[in-house]
$ cat my_file_32.txt   # compact mmCIF, C-alpha atoms
# COMPACT_ATOMS: atom_id res chain seq x y z
CA MET A 29 136.94 -60.81 84.39
CA LYS A 30 137.99 -62.16 87.79
CA LEU A 31 141.56 -60.90 87.27
CA GLY A 32 140.32 -57.42 86.46
CA LEU A 33 138.14 -57.36 89.57
CA ALA A 34 141.08 -58.47 91.73
CA VAL A 35 143.28 -55.67 90.34
CA VAL A 36 140.58 -53.09 91.11
CA VAL A 37 140.15 -54.38 94.68
CA LEU A 38 143.93 -54.44 95.29
CA THR A 39 144.34 -50.92 93.91
CA GLY A 40 141.58 -49.62 96.16
CA PHE A 41 143.11 -51.32 99.21
CA LEU A 42 146.52 -49.79 98.57
CA PHE A 43 144.90 -46.39 98.07
CA LEU A 44 143.08 -46.60 101.40
CA PHE A 45 145.84 -48.35 103.34
CA PRO A 46 149.19 -47.36 101.82
CA ILE A 47 152.22 -49.40 102.89
CA PRO A 48 154.84 -47.10 104.44
CA VAL A 49 157.99 -47.05 102.32
CA SER A 50 161.18 -45.31 103.39
CA ALA A 51 161.91 -42.36 101.13
CA ILE A 52 165.27 -41.52 102.70
CA SER A 53 167.78 -41.32 99.90
CA ALA A 54 171.50 -41.73 100.46
CA PRO A 55 173.84 -38.74 100.10
CA VAL A 56 175.49 -38.25 96.70
CA LEU A 57 179.30 -38.32 96.68
CA LEU A 58 181.02 -35.36 94.96
CA SER A 59 184.80 -35.46 95.34
CA PRO A 60 187.40 -36.76 94.99
CA SER A 61 185.99 -38.51 91.95
CA ASP A 62 185.97 -42.27 91.92
CA SER A 63 189.37 -43.93 91.25
CA SER A 64 191.18 -40.57 91.31
CA ILE A 65 194.69 -39.82 92.62
CA VAL A 66 195.01 -37.17 95.35
CA THR A 67 197.73 -35.69 97.53
CA THR A 68 195.36 -34.41 100.25
CA PRO A 69 192.20 -36.39 101.05
CA VAL A 70 189.22 -34.04 101.34
CA LEU A 71 185.92 -35.93 101.02
CA ASN A 72 182.85 -34.00 99.88
CA TRP A 73 179.22 -35.04 99.37
CA GLN A 74 175.89 -33.44 98.59
CA SER A 75 173.35 -32.70 101.29
CA PRO A 76 170.02 -34.51 100.72
CA SER A 77 166.79 -32.57 100.29
CA TYR A 78 164.97 -33.89 103.37
CA PRO A 79 165.32 -32.37 106.89
CA LEU A 80 168.28 -33.79 108.79
CA TYR A 81 168.81 -34.87 112.37
CA PHE A 82 169.62 -32.01 114.74
CA SER A 83 173.14 -33.22 115.62
CA ASN A 84 175.81 -34.82 113.41
CA PRO A 85 173.43 -36.41 110.88
CA TYR A 86 176.22 -37.70 108.60
CA ARG A 87 178.32 -40.82 109.16
CA VAL A 88 181.45 -41.30 107.02
CA GLN A 89 183.44 -44.52 106.79
CA VAL A 90 186.90 -44.86 105.24
CA ASP A 91 188.68 -48.21 104.89
CA ASP A 92 191.29 -50.02 102.82
CA ASN A 93 188.72 -52.58 101.61
CA THR A 94 185.21 -52.42 100.20
CA LEU A 95 183.62 -54.53 102.95
CA PHE A 96 184.16 -51.94 105.71
CA SER A 97 184.21 -54.80 108.22
CA SER A 98 186.59 -52.85 110.44
CA PRO A 99 186.69 -49.30 109.06
CA ASP A 100 189.85 -47.30 109.60
CA LYS A 101 187.75 -44.15 110.07
CA ASP A 102 184.16 -44.08 111.34
CA TYR A 103 183.30 -40.41 111.65
CA TYR A 104 180.13 -38.44 112.56
CA THR A 105 179.72 -34.83 111.50
CA SER A 106 177.22 -32.12 110.61
CA ASN A 107 179.39 -30.88 107.72
CA THR A 108 179.40 -32.16 104.15
CA ALA A 109 183.19 -32.49 104.10
CA TYR A 110 185.76 -34.59 105.98
CA SER A 111 189.58 -34.59 105.88
CA PRO A 112 190.83 -37.88 107.36
CA ASN A 113 194.45 -38.48 108.31
CA LEU A 114 195.53 -41.44 106.15
CA ASN A 115 198.67 -43.18 104.95
CA ASP A 116 199.54 -43.49 101.29
CA GLY A 117 197.57 -46.16 99.44
CA ILE A 118 194.17 -47.00 97.99
CA TRP A 119 191.18 -46.05 100.14
CA TYR A 120 187.42 -46.58 99.86
CA TRP A 121 184.75 -44.34 101.39
CA ARG A 122 181.00 -44.04 101.75
CA VAL A 123 178.44 -41.80 103.52
CA ARG A 124 174.98 -42.20 105.02
CA ALA A 125 172.58 -39.62 106.52
CA LYS A 126 169.97 -39.49 109.26
CA ASP A 127 166.68 -37.63 108.84
CA SER A 128 164.97 -35.44 111.44
CA SER A 129 163.22 -38.44 113.01
CA GLY A 130 166.50 -40.28 113.51
CA ALA A 131 166.01 -42.81 110.70
CA ALA A 132 169.20 -43.62 108.78
CA SER A 133 169.44 -43.78 105.02
CA ASP A 134 171.14 -46.48 103.01
CA TRP A 135 174.86 -46.16 102.41
CA SER A 136 175.92 -44.17 99.40
CA SER A 137 177.83 -45.76 96.56
CA VAL A 138 181.42 -46.70 97.42
CA TRP A 139 184.14 -44.59 95.79
CA SER A 140 187.88 -45.03 95.93
CA PHE A 141 190.95 -42.80 95.66
CA THR A 142 194.69 -43.31 95.71
CA LEU A 143 196.60 -41.14 98.18
CA ILE A 144 200.15 -40.18 97.20
CA SER A 145 202.07 -37.76 99.42
CA ALA A 146 203.25 -34.74 97.48
CA THR A 147 207.00 -34.16 97.13
CA PRO A 148 208.45 -30.77 96.24
CA THR A 149 209.59 -30.29 92.67
CA ALA A 150 213.37 -30.02 92.45
CA VAL A 151 214.68 -26.61 91.42
CA PRO A 152 217.34 -26.88 88.65
CA THR A 153 220.82 -25.76 89.71
CA PRO A 154 222.11 -22.89 87.50
CA THR A 155 225.38 -23.60 85.65
CA SER A 156 227.91 -21.02 84.50
CA THR A 157 228.90 -20.85 80.83
CA PRO A 158 231.77 -19.01 79.10
CA THR A 159 229.62 -18.15 76.16
CA PRO A 160 227.83 -14.83 75.98
CA THR A 161 224.65 -14.65 77.94
CA PRO A 162 221.86 -15.97 75.75
CA THR A 163 218.69 -14.13 75.22
CA SER A 164 216.61 -14.50 78.33
CA THR A 165 213.56 -16.63 78.09
CA ILE A 166 210.76 -17.01 80.57
CA ALA A 167 211.23 -20.32 82.33
CA PRO A 168 208.22 -22.07 83.86
CA SER A 169 208.02 -21.77 87.61
CA PRO A 170 208.21 -25.02 89.57
CA THR A 171 204.87 -26.32 90.81
CA PRO A 172 204.52 -25.43 94.50
CA SER A 173 203.93 -28.30 96.90
CA PRO A 174 200.63 -28.25 98.77
CA SER A 175 201.08 -27.05 102.32
CA PRO A 176 199.05 -28.40 105.27
CA SER A 177 196.13 -26.37 106.49
CA ASN A 178 196.82 -24.11 109.45
CA THR A 179 193.26 -24.59 110.70
CA PRO A 180 193.25 -27.06 113.62
CA ILE A 181 191.14 -30.18 113.17
CA PHE A 182 189.72 -31.76 116.31
CA THR A 183 187.20 -34.53 115.71
CA ILE A 184 185.78 -37.50 117.62
CA ALA A 185 183.95 -40.70 116.68
CA PRO A 186 182.22 -42.89 119.30
CA GLY A 187 182.38 -46.60 119.81
CA LYS A 188 178.63 -46.84 120.59
CA LEU A 189 175.74 -44.41 120.98
CA SER A 190 173.85 -45.93 123.93
CA ILE A 191 175.36 -46.54 127.39
CA THR A 192 174.37 -46.93 131.02
CA LEU A 193 175.67 -44.97 133.99
CA GLN A 194 177.99 -47.87 134.81
CA ASP A 195 179.47 -48.10 131.29
CA SER A 196 182.71 -46.60 130.10
CA ILE A 197 183.35 -46.19 126.38
CA SER A 198 186.26 -45.19 124.17
CA VAL A 199 185.96 -42.39 121.65
CA ASN A 200 188.40 -42.13 118.75
CA ILE A 201 190.07 -38.73 118.49
CA HIS A 202 191.82 -37.18 115.50
CA ILE A 203 193.76 -33.93 115.94
CA ALA A 204 195.66 -32.09 113.20
CA GLY A 205 197.06 -28.62 112.58
CA LEU A 206 198.41 -28.10 116.11
CA ASN A 207 201.90 -27.11 117.22
CA PRO A 208 204.32 -30.00 116.65
CA ASN A 209 205.82 -31.86 119.61
CA SER A 210 203.61 -29.95 122.06
CA LYS A 211 201.65 -30.99 125.14
CA TYR A 212 197.87 -30.73 125.33
CA TYR A 213 195.26 -31.93 127.83
CA LEU A 214 192.01 -33.69 126.82
CA LYS A 215 188.77 -34.39 128.67
CA GLY A 216 185.30 -35.68 127.85
CA ALA A 217 182.09 -33.86 128.74
CA PHE A 218 178.36 -34.62 128.58
CA ILE A 219 175.67 -31.94 128.58
CA LYS A 220 171.90 -31.96 128.27
CA GLU A 221 170.63 -29.90 125.35
CA GLY A 222 169.61 -26.49 126.63
CA SER A 223 171.68 -26.85 129.81
CA SER A 224 174.98 -25.22 130.77
CA ASN A 225 176.08 -27.89 133.27
CA TYR A 226 178.81 -30.11 131.84
CA PHE A 227 179.57 -33.40 133.58
CA GLY A 228 181.48 -36.63 133.02
CA LEU A 229 184.55 -38.63 134.02
CA THR A 230 187.76 -39.15 132.01
CA ARG A 231 190.16 -42.00 132.67
CA VAL A 232 193.67 -40.84 133.55
CA SER A 233 196.13 -43.63 134.42
CA ASN A 234 194.15 -45.92 136.75
CA GLY A 235 191.60 -43.37 138.00
CA TRP A 236 188.68 -41.25 136.81
CA VAL A 237 188.90 -37.45 136.76
CA LYS A 238 185.82 -35.22 136.93
CA ASN A 239 185.07 -32.74 134.18
CA SER A 240 185.30 -29.89 136.71
CA ALA A 241 188.83 -30.84 137.84
CA SER A 242 191.87 -28.76 136.88
CA TYR A 243 193.08 -29.10 133.30
CA LEU A 244 196.43 -30.32 134.68
CA ASP A 245 194.63 -33.41 136.04
CA GLN A 246 193.14 -34.31 132.66
CA PHE A 247 194.49 -36.68 129.97
CA LEU A 248 197.92 -35.57 128.72
CA ILE A 249 198.93 -36.01 125.07
CA THR A 250 201.90 -34.88 122.96
CA THR A 251 201.52 -34.09 119.25
CA GLY A 252 203.88 -35.52 116.67
CA SER A 253 206.40 -33.71 114.54
CA SER A 254 203.63 -32.72 112.08
CA GLY A 255 201.17 -31.51 114.71
CA PHE A 256 199.02 -34.66 114.54
CA TRP A 257 197.66 -36.93 117.26
CA ASP A 258 195.40 -39.93 116.83
CA GLY A 259 194.21 -41.99 119.77
CA SER A 260 191.28 -42.83 122.02
CA LEU A 261 189.83 -41.36 125.20
CA ASP A 262 188.01 -43.48 127.82
CA ILE A 263 185.00 -41.67 129.28
CA LYS A 264 181.91 -42.45 131.38
CA PRO A 265 178.92 -40.50 132.74
CA ASP A 266 178.94 -39.09 136.27
CA GLY A 267 175.58 -40.00 137.77
CA LYS A 268 176.35 -38.11 141.00
CA ASP A 269 176.66 -34.80 139.15
CA ASN A 270 173.64 -32.51 138.96
CA GLY A 271 174.19 -32.27 135.21
CA PHE A 272 172.68 -35.75 134.87
CA THR A 273 168.92 -35.19 134.98
CA GLY A 274 167.69 -38.67 134.11
CA ASN A 275 167.53 -41.11 131.21
CA GLY A 276 167.70 -39.64 127.74
CA ASP A 277 169.92 -38.21 125.01
CA TYR A 278 172.97 -36.16 125.99
CA ILE A 279 175.42 -34.25 123.83
CA PHE A 280 179.00 -35.43 124.18
CA LYS A 281 182.17 -33.71 123.01
CA ALA A 282 185.84 -33.59 123.89
CA GLY A 283 187.67 -30.54 125.20
CA LYS A 284 191.29 -29.59 124.55
CA TYR A 285 193.56 -27.36 126.68
CA THR A 286 197.00 -26.04 125.81
CA GLU A 287 199.96 -26.67 128.09
CA SER A 288 199.46 -23.21 129.60
CA GLY A 289 195.76 -23.85 130.30
CA SER A 290 194.17 -22.01 127.40
CA GLY A 291 190.83 -23.54 126.49
CA PRO A 292 188.88 -25.64 126.31
CA ALA A 293 188.57 -25.84 122.53
CA TRP A 294 185.76 -28.28 121.71
CA SER A 295 185.51 -31.04 119.14
CA ASN A 296 182.45 -31.87 117.09
CA GLU A 297 179.40 -33.11 118.98
CA ILE A 298 177.80 -36.54 119.05
CA VAL A 299 174.59 -37.67 120.75
CA ILE A 300 174.77 -40.52 123.28
CA ASN A 301 171.74 -42.01 125.04
CA ILE A 302 172.33 -42.60 128.77
CA THR A 303 170.19 -44.86 130.96
CA GLY A 304 170.41 -45.99 134.58
CA ASN A 305 169.48 -44.98 138.10
CA PRO A 306 171.90 -42.50 139.66
CA PRO A 307 172.99 -42.81 143.30
CA GLU A 308 171.15 -40.60 145.76
CA LYS A 309 172.44 -37.05 145.67
CA SER A 310 172.98 -35.18 148.96
CA THR A 311 173.25 -31.43 149.43
CA SER A 312 175.28 -31.81 152.66
CA PRO A 313 178.19 -34.16 153.27
CA SER A 314 177.16 -37.29 155.13
CA GLN A 315 179.29 -38.83 157.85
CA PRO A 316 180.74 -42.23 156.96
CA ASN A 317 179.58 -45.39 158.68
CA PHE A 318 182.61 -46.60 160.62
CA ALA A 319 182.81 -50.37 161.03
CA GLY A 320 185.89 -50.12 163.30
CA SER A 321 186.09 -49.39 167.05
CA VAL A 322 188.32 -47.39 169.35
CA ASN A 323 191.97 -48.37 169.00
CA THR A 324 193.06 -49.41 172.51
CA SER A 325 196.56 -50.57 171.59
CA SER A 326 198.02 -47.37 173.08
CA PRO A 327 195.35 -46.06 175.46
CA SER A 328 195.55 -42.61 176.97
CA PRO A 329 194.57 -42.29 180.68
CA ASN A 330 192.43 -39.28 180.01
CA PRO A 331 192.21 -38.04 176.39
CA ALA A 332 190.51 -34.83 177.48
CA LYS A 333 193.41 -33.86 179.79
CA SER A 334 196.34 -35.20 177.81
CA GLY A 335 195.18 -33.71 174.51
CA ALA A 336 195.14 -37.14 172.84
CA SER A 337 192.13 -38.29 170.90
CA PRO A 338 190.89 -41.83 170.32
CA LYS A 339 192.00 -43.44 167.09
CA PHE A 340 189.54 -45.00 164.67
CA ASN A 341 189.82 -47.45 161.79
CA TYR A 342 188.39 -46.16 158.51
CA PRO A 343 187.74 -49.31 156.46
CA ASN A 344 185.72 -47.77 153.62
CA THR A 345 187.09 -44.56 152.13
CA ALA A 346 186.01 -43.02 148.83
CA SER A 347 187.49 -40.31 146.61
CA VAL A 348 186.65 -38.55 143.36
CA ALA A 349 189.44 -37.20 141.14
CA GLY A 350 191.95 -37.65 143.94
CA VAL A 351 189.94 -35.71 146.55
CA SER A 352 188.83 -37.64 149.64
CA THR A 353 185.15 -37.50 150.46
CA ASP A 354 185.41 -38.94 154.03
CA SER A 355 184.44 -36.79 157.02
CA SER A 356 187.29 -36.02 159.39
CA THR A 357 184.96 -36.29 162.42
CA PRO A 358 184.73 -39.89 163.77
CA VAL A 359 181.43 -41.22 164.98
CA ILE A 360 181.54 -42.98 168.39
CA THR A 361 178.84 -45.63 168.53
CA ALA A 362 176.92 -46.91 171.55
CA SER A 363 179.13 -50.01 171.69
CA ASP A 364 182.20 -47.75 171.93
CA LYS A 365 180.74 -45.91 174.93
CA GLU A 366 179.84 -49.22 176.57
CA GLN A 367 183.38 -50.48 176.04
CA LYS A 368 184.80 -47.33 177.63
CA SER A 369 182.50 -47.65 180.61
CA ASN A 370 183.51 -51.30 181.05
CA ASN A 371 187.17 -50.30 181.20
CA LYS A 372 186.63 -48.10 184.32
CA PRO A 373 187.70 -49.73 187.69
CA ASN A 374 184.83 -50.80 190.05
CA PHE A 375 185.66 -49.13 193.42
CA TRP A 376 182.74 -50.77 195.25
CA LEU A 377 184.00 -54.23 194.47
CA LEU A 378 187.54 -53.23 195.58
CA GLY A 379 186.25 -51.92 198.94
CA ALA A 380 184.25 -55.08 199.60
CA GLY A 381 187.28 -57.23 198.96
CA LEU A 382 189.38 -55.15 201.36
CA MET A 383 186.78 -55.58 204.14
CA VAL A 384 186.73 -59.36 203.65
CA PHE A 385 190.54 -59.44 203.89
CA VAL A 386 190.54 -57.44 207.17
CA SER A 387 187.81 -59.64 208.68
CA GLY A 388 189.73 -62.81 207.85
CA ALA A 389 192.93 -61.47 209.39
CA GLY A 390 191.02 -60.59 212.60
CA VAL A 391 189.67 -64.15 212.89
CA LEU A 392 193.16 -65.64 212.53
CA PHE A 393 194.89 -63.35 215.05
CA TYR A 394 192.11 -63.06 217.73
CA PRO A 395 193.15 -66.23 219.78
CA LYS A 396 196.73 -64.99 220.16
CA LEU A 397 195.48 -61.57 221.07
CA LYS A 398 193.20 -63.04 223.79
CA ASP A 399 195.67 -65.54 225.38
CA LYS A 400 199.01 -63.68 225.34
CA ILE A 401 198.72 -59.99 224.57
CA LEU A 402 195.69 -59.02 226.72
CA PRO A 403 197.08 -60.60 230.04
CA LYS A 404 200.31 -58.74 229.59
CA LEU A 405 198.46 -55.49 229.04
CA GLN A 406 196.37 -56.15 232.27
CA LYS A 407 199.53 -56.82 234.42
CA ALA A 408 201.15 -53.71 233.06
CA ALA A 409 198.07 -51.76 234.06
$ encode --input "my_file_32.txt" --output "structure tokens"
Amino acid sequence: MKLGLAVVVLTGFLFLFPIPVSAISAPVLLSPSDSSIVTTPVLNWQSPSYPLYFSNPYRVQVDDNTLFSSPDKDYYTSNTAYSPNLNDGIWYWRVRAKDSSGAASDWSSVWSFTLISATPTAVPTPTSTPTPTPTSTIAPSPTPSPSPSNTPIFTIAPGKLSITLQDSISVNIHIAGLNPNSKYYLKGAFIKEGSSNYFGLTRVSNGWVKNSASYLDQFLITTGSSGFWDGSLDIKPDGKDNGFTGNGDYIFKAGKYTESGSGPAWSNEIVINITGNPPEKSTSPSQPNFAGSVNTSSPSPNPAKSGASPKFNYPNTASVAGVSTDSSTPVITASDKEQKSNNKPNFWLLGAGLMVFVSGAGVLFYPKLKDKILPKLQKAA
């Protein structure tokens, strides 16, 4: 009796206060079938029935072991297919999805496939025979080798999805189907959804290049003999750009230019959350604060007349993408003016010294003048 009453009470409690349970199911893998042998890896899965996240809701991982501790491919996409660039061997793959609220599903089941590069079927060499030509028979045509797709593939996968304005991150880039042994230029770009203002910085050598800089200043790559390129691109937000409007989610993608400047062609998009306080933005260039003073090692008597100008030390200079942001007009501080005024000769002091010298000479020579020179002048008179 007590057990029955407890069941009734528990049932009523769950009916009034249901415990939230995640109903996000994992995507269902379609092809290649598990443990199959393929010559071209094209991974396909079924889209779930629930509404998906607005940008790149699928995450695909491909690795040479089932633990996926360090996946060889970690790819985000809005498509239900992915063609990774892989070496021959046994590979494992899985997929997860993200619903419209941003909640991620469990991973799908793990399937495997064996990749074997296709080799063209040898065509038999015809041999001559002295016997009469036999009755012709229809010989089977050799199986054609699969040819690579001519459609360029340009995809990115991030290292992390939340950064600050001071962070720089690396994004993995996979490019296929381009002209072999050709030069291309890459850059990263952030943009707020609904905006048209791209911004961001891309590392080139030891510096950072703005998104708005010339394509020739961006990151240079060269495709391989098969038109492939796999690598990473270091990028960071540009808090000084007006495209950054505050903390929140921003769309990120990579752009690709040809050697002649055609482009940009864009990769897939990923969403990265950016936080941090940007430096104060100014609509007019501000003059730098010079810590140095007038260089007096080679002074000019009168800069205004000689055409020379005072030299200044510029201890703190800044540049963006190789363009200097310092003002060319030096600021002369009050201490500089005081130093200039102190360098002028004091004529009053010089005149006073001259008068003292003349007075002293008169005192010394007056006795001789009185005893010897004046009597002679009186006799002569």
$ closest_residue --input "my_file_32.txt" --among "A:Gly379, A:Gly274, A:Pro265, A:Pro208" --to "Thr192 in chain A" --atoms "all atoms listed in the file"
A:Pro265
$ atom_distance --input "my_file_32.txt" --atom1 "CA of Pro99 in chain A" --atom2 "CA of Ile118 in chain A"
13.6 Å
$ closest_atom_pairs --input "my_file_32.txt" --of "range 253-319 of chain A" --to "range 222-239 of chain A" --cutoff "7 Å" --atoms "only C-alpha atoms" --output "tab-separated table"
residue	atom	partner	partner_atom	distance
A:Asp262	CA	A:Arg231	CA	5.5
A:Ile263	CA	A:Thr230	CA	4.6
A:Lys264	CA	A:Leu229	CA	5.3
A:Pro265	CA	A:Gly228	CA	4.6
A:Asp266	CA	A:Gly228	CA	4.8
A:Asp269	CA	A:Phe227	CA	6.4
A:Gly271	CA	A:Asn225	CA	5.1
$ residues_around --input "my_file_32.txt" --residues "Asp127 in chain A" --least-positions-apart "5" --cutoff "8 Å" --atoms "all atoms listed in the file" --output "ChimeraX atom specification"
/A:52,78-81,85,132-133
$ atom_distance --input "my_file_32.txt" --atom1 "CA of Ser290 in chain A" --atom2 "CA of Asn84 in chain A"
26.4 Å
$ atom_distance --input "my_file_32.txt" --atom1 "CA of Val138 in chain A" --atom2 "CA of Arg124 in chain A"
10.9 Å
$ closest_residue --input "my_file_32.txt" --among "A:Thr94, A:Asp277, A:Ser137, A:Ser111" --to "Ser61 in chain A" --atoms "all atoms listed in the file"
A:Ser137
$ residues_around --input "my_file_32.txt" --residues "range 189-191 of chain A" --least-positions-apart "4" --cutoff "12 Å" --atoms "all atoms listed in the file" --output "PyMOL selection string"
chain A and resi 104+185+195-199+263-265+275-280+298-304
$ closest_residue --input "my_file_32.txt" --among "A:Ser106, A:Thr183, A:Asn305, A:Thr251" --to "Lys211 in chain A" --atoms "all atoms listed in the file"
A:Thr251
$ closest_residue --input "my_file_32.txt" --among "A:Ile181, A:Ser53, A:Ser253, A:Leu193" --to "Asn209 in chain A" --atoms "only C-alpha atoms"
A:Ser253
$ closest_residue --input "my_file_32.txt" --among "A:Gln74, A:Ser140, A:Ala54, A:Lys281" --to "Val90 in chain A" --atoms "only C-alpha atoms"
A:Ser140
$ decode --input "my_file_32.txt" --residues "range 189-265 of chain A" --atoms "C-alpha atoms" --output "PDB file, in the first residue's frame"
ATOM      1  CA  LEU A 189      36.131  29.271 -30.832  1.00  0.00           C
ATOM      2  CA  SER A 190      36.556  31.930 -28.126  1.00  0.00           C
ATOM      3  CA  ILE A 191      39.374  34.511 -28.056  1.00  0.00           C
ATOM      4  CA  THR A 192      40.205  37.944 -26.676  1.00  0.00           C
ATOM      5  CA  LEU A 193      41.390  40.971 -28.612  1.00  0.00           C
ATOM      6  CA  GLN A 194      44.944  40.204 -27.518  1.00  0.00           C
ATOM      7  CA  ASP A 195      44.842  36.555 -28.667  1.00  0.00           C
ATOM      8  CA  SER A 196      46.160  35.174 -31.906  1.00  0.00           C
ATOM      9  CA  ILE A 197      45.013  31.755 -33.106  1.00  0.00           C
ATOM     10  CA  SER A 198      45.924  29.355 -35.892  1.00  0.00           C
ATOM     11  CA  VAL A 199      43.322  28.043 -38.303  1.00  0.00           C
ATOM     12  CA  ASN A 200      43.962  24.891 -40.317  1.00  0.00           C
ATOM     13  CA  ILE A 201      43.468  25.364 -44.054  1.00  0.00           C
ATOM     14  CA  HIS A 202      42.897  22.713 -46.711  1.00  0.00           C
ATOM     15  CA  ILE A 203      42.955  23.700 -50.386  1.00  0.00           C
ATOM     16  CA  ALA A 204      42.455  21.346 -53.336  1.00  0.00           C
ATOM     17  CA  GLY A 205      41.578  21.579 -57.021  1.00  0.00           C
ATOM     18  CA  LEU A 206      43.733  24.638 -57.753  1.00  0.00           C
ATOM     19  CA  ASN A 207      46.373  25.119 -60.425  1.00  0.00           C
ATOM     20  CA  PRO A 208      49.466  23.059 -59.585  1.00  0.00           C
ATOM     21  CA  ASN A 209      52.713  24.788 -58.565  1.00  0.00           C
ATOM     22  CA  SER A 210      50.991  28.188 -58.491  1.00  0.00           C
ATOM     23  CA  LYS A 211      51.177  31.132 -56.110  1.00  0.00           C
ATOM     24  CA  TYR A 212      48.186  32.319 -54.100  1.00  0.00           C
ATOM     25  CA  TYR A 213      47.726  34.841 -51.281  1.00  0.00           C
ATOM     26  CA  LEU A 214      45.686  34.137 -48.122  1.00  0.00           C
ATOM     27  CA  LYS A 215      44.241  36.386 -45.427  1.00  0.00           C
ATOM     28  CA  GLY A 216      41.869  36.065 -42.487  1.00  0.00           C
ATOM     29  CA  ALA A 217      38.813  38.262 -41.967  1.00  0.00           C
ATOM     30  CA  PHE A 218      36.237  38.783 -39.211  1.00  0.00           C
ATOM     31  CA  ILE A 219      32.818  40.318 -39.797  1.00  0.00           C
ATOM     32  CA  LYS A 220      29.776  40.948 -37.637  1.00  0.00           C
ATOM     33  CA  GLU A 221      26.631  39.268 -38.932  1.00  0.00           C
ATOM     34  CA  GLY A 222      24.637  41.810 -40.912  1.00  0.00           C
ATOM     35  CA  SER A 223      27.657  44.084 -41.401  1.00  0.00           C
ATOM     36  CA  SER A 224      29.783  44.684 -44.500  1.00  0.00           C
ATOM     37  CA  ASN A 225      32.925  45.826 -42.663  1.00  0.00           C
ATOM     38  CA  TYR A 226      35.603  43.125 -42.658  1.00  0.00           C
ATOM     39  CA  PHE A 227      38.506  43.443 -40.224  1.00  0.00           C
ATOM     40  CA  GLY A 228      41.371  41.409 -38.813  1.00  0.00           C
ATOM     41  CA  LEU A 229      45.144  40.914 -38.860  1.00  0.00           C
ATOM     42  CA  THR A 230      47.110  38.124 -40.570  1.00  0.00           C
ATOM     43  CA  ARG A 231      50.647  37.205 -39.587  1.00  0.00           C
ATOM     44  CA  VAL A 232      53.140  37.526 -42.441  1.00  0.00           C
ATOM     45  CA  SER A 233      56.768  36.805 -41.517  1.00  0.00           C
ATOM     46  CA  ASN A 234      57.276  38.659 -38.221  1.00  0.00           C
ATOM     47  CA  GLY A 235      54.511  41.262 -38.619  1.00  0.00           C
ATOM     48  CA  TRP A 236      50.727  41.584 -38.783  1.00  0.00           C
ATOM     49  CA  VAL A 237      48.989  42.733 -41.966  1.00  0.00           C
ATOM     50  CA  LYS A 238      45.556  44.381 -41.947  1.00  0.00           C
ATOM     51  CA  ASN A 239      42.669  42.866 -43.870  1.00  0.00           C
ATOM     52  CA  SER A 240      42.414  46.055 -45.949  1.00  0.00           C
ATOM     53  CA  ALA A 241      46.068  45.911 -47.088  1.00  0.00           C
ATOM     54  CA  SER A 242      47.022  44.971 -50.657  1.00  0.00           C
ATOM     55  CA  TYR A 243      46.746  41.297 -51.564  1.00  0.00           C
ATOM     56  CA  LEU A 244      50.486  41.335 -52.342  1.00  0.00           C
ATOM     57  CA  ASP A 245      51.157  42.004 -48.636  1.00  0.00           C
ATOM     58  CA  GLN A 246      49.130  38.994 -47.497  1.00  0.00           C
ATOM     59  CA  PHE A 247      50.318  35.427 -46.732  1.00  0.00           C
ATOM     60  CA  LEU A 248      51.946  33.816 -49.786  1.00  0.00           C
ATOM     61  CA  ILE A 249      51.540  30.084 -50.506  1.00  0.00           C
ATOM     62  CA  THR A 250      52.461  27.807 -53.419  1.00  0.00           C
ATOM     63  CA  THR A 251      50.342  24.778 -54.324  1.00  0.00           C
ATOM     64  CA  GLY A 252      51.886  21.376 -54.892  1.00  0.00           C
ATOM     65  CA  SER A 253      52.113  19.413 -58.092  1.00  0.00           C
ATOM     66  CA  SER A 254      48.521  18.164 -57.603  1.00  0.00           C
ATOM     67  CA  GLY A 255      47.026  21.569 -56.803  1.00  0.00           C
ATOM     68  CA  PHE A 256      46.862  20.906 -53.044  1.00  0.00           C
ATOM     69  CA  TRP A 257      47.982  22.977 -50.071  1.00  0.00           C
ATOM     70  CA  ASP A 258      47.553  22.146 -46.406  1.00  0.00           C
ATOM     71  CA  GLY A 259      48.796  24.450 -43.670  1.00  0.00           C
ATOM     72  CA  SER A 260      47.811  26.938 -40.994  1.00  0.00           C
ATOM     73  CA  LEU A 261      47.183  30.675 -40.904  1.00  0.00           C
ATOM     74  CA  ASP A 262      47.832  32.816 -37.799  1.00  0.00           C
ATOM     75  CA  ILE A 263      45.170  35.480 -37.308  1.00  0.00           C
ATOM     76  CA  LYS A 264      43.974  37.896 -34.608  1.00  0.00           C
ATOM     77  CA  PRO A 265      41.207  40.508 -34.259  1.00  0.00           C
TER      78      PRO A 265
END
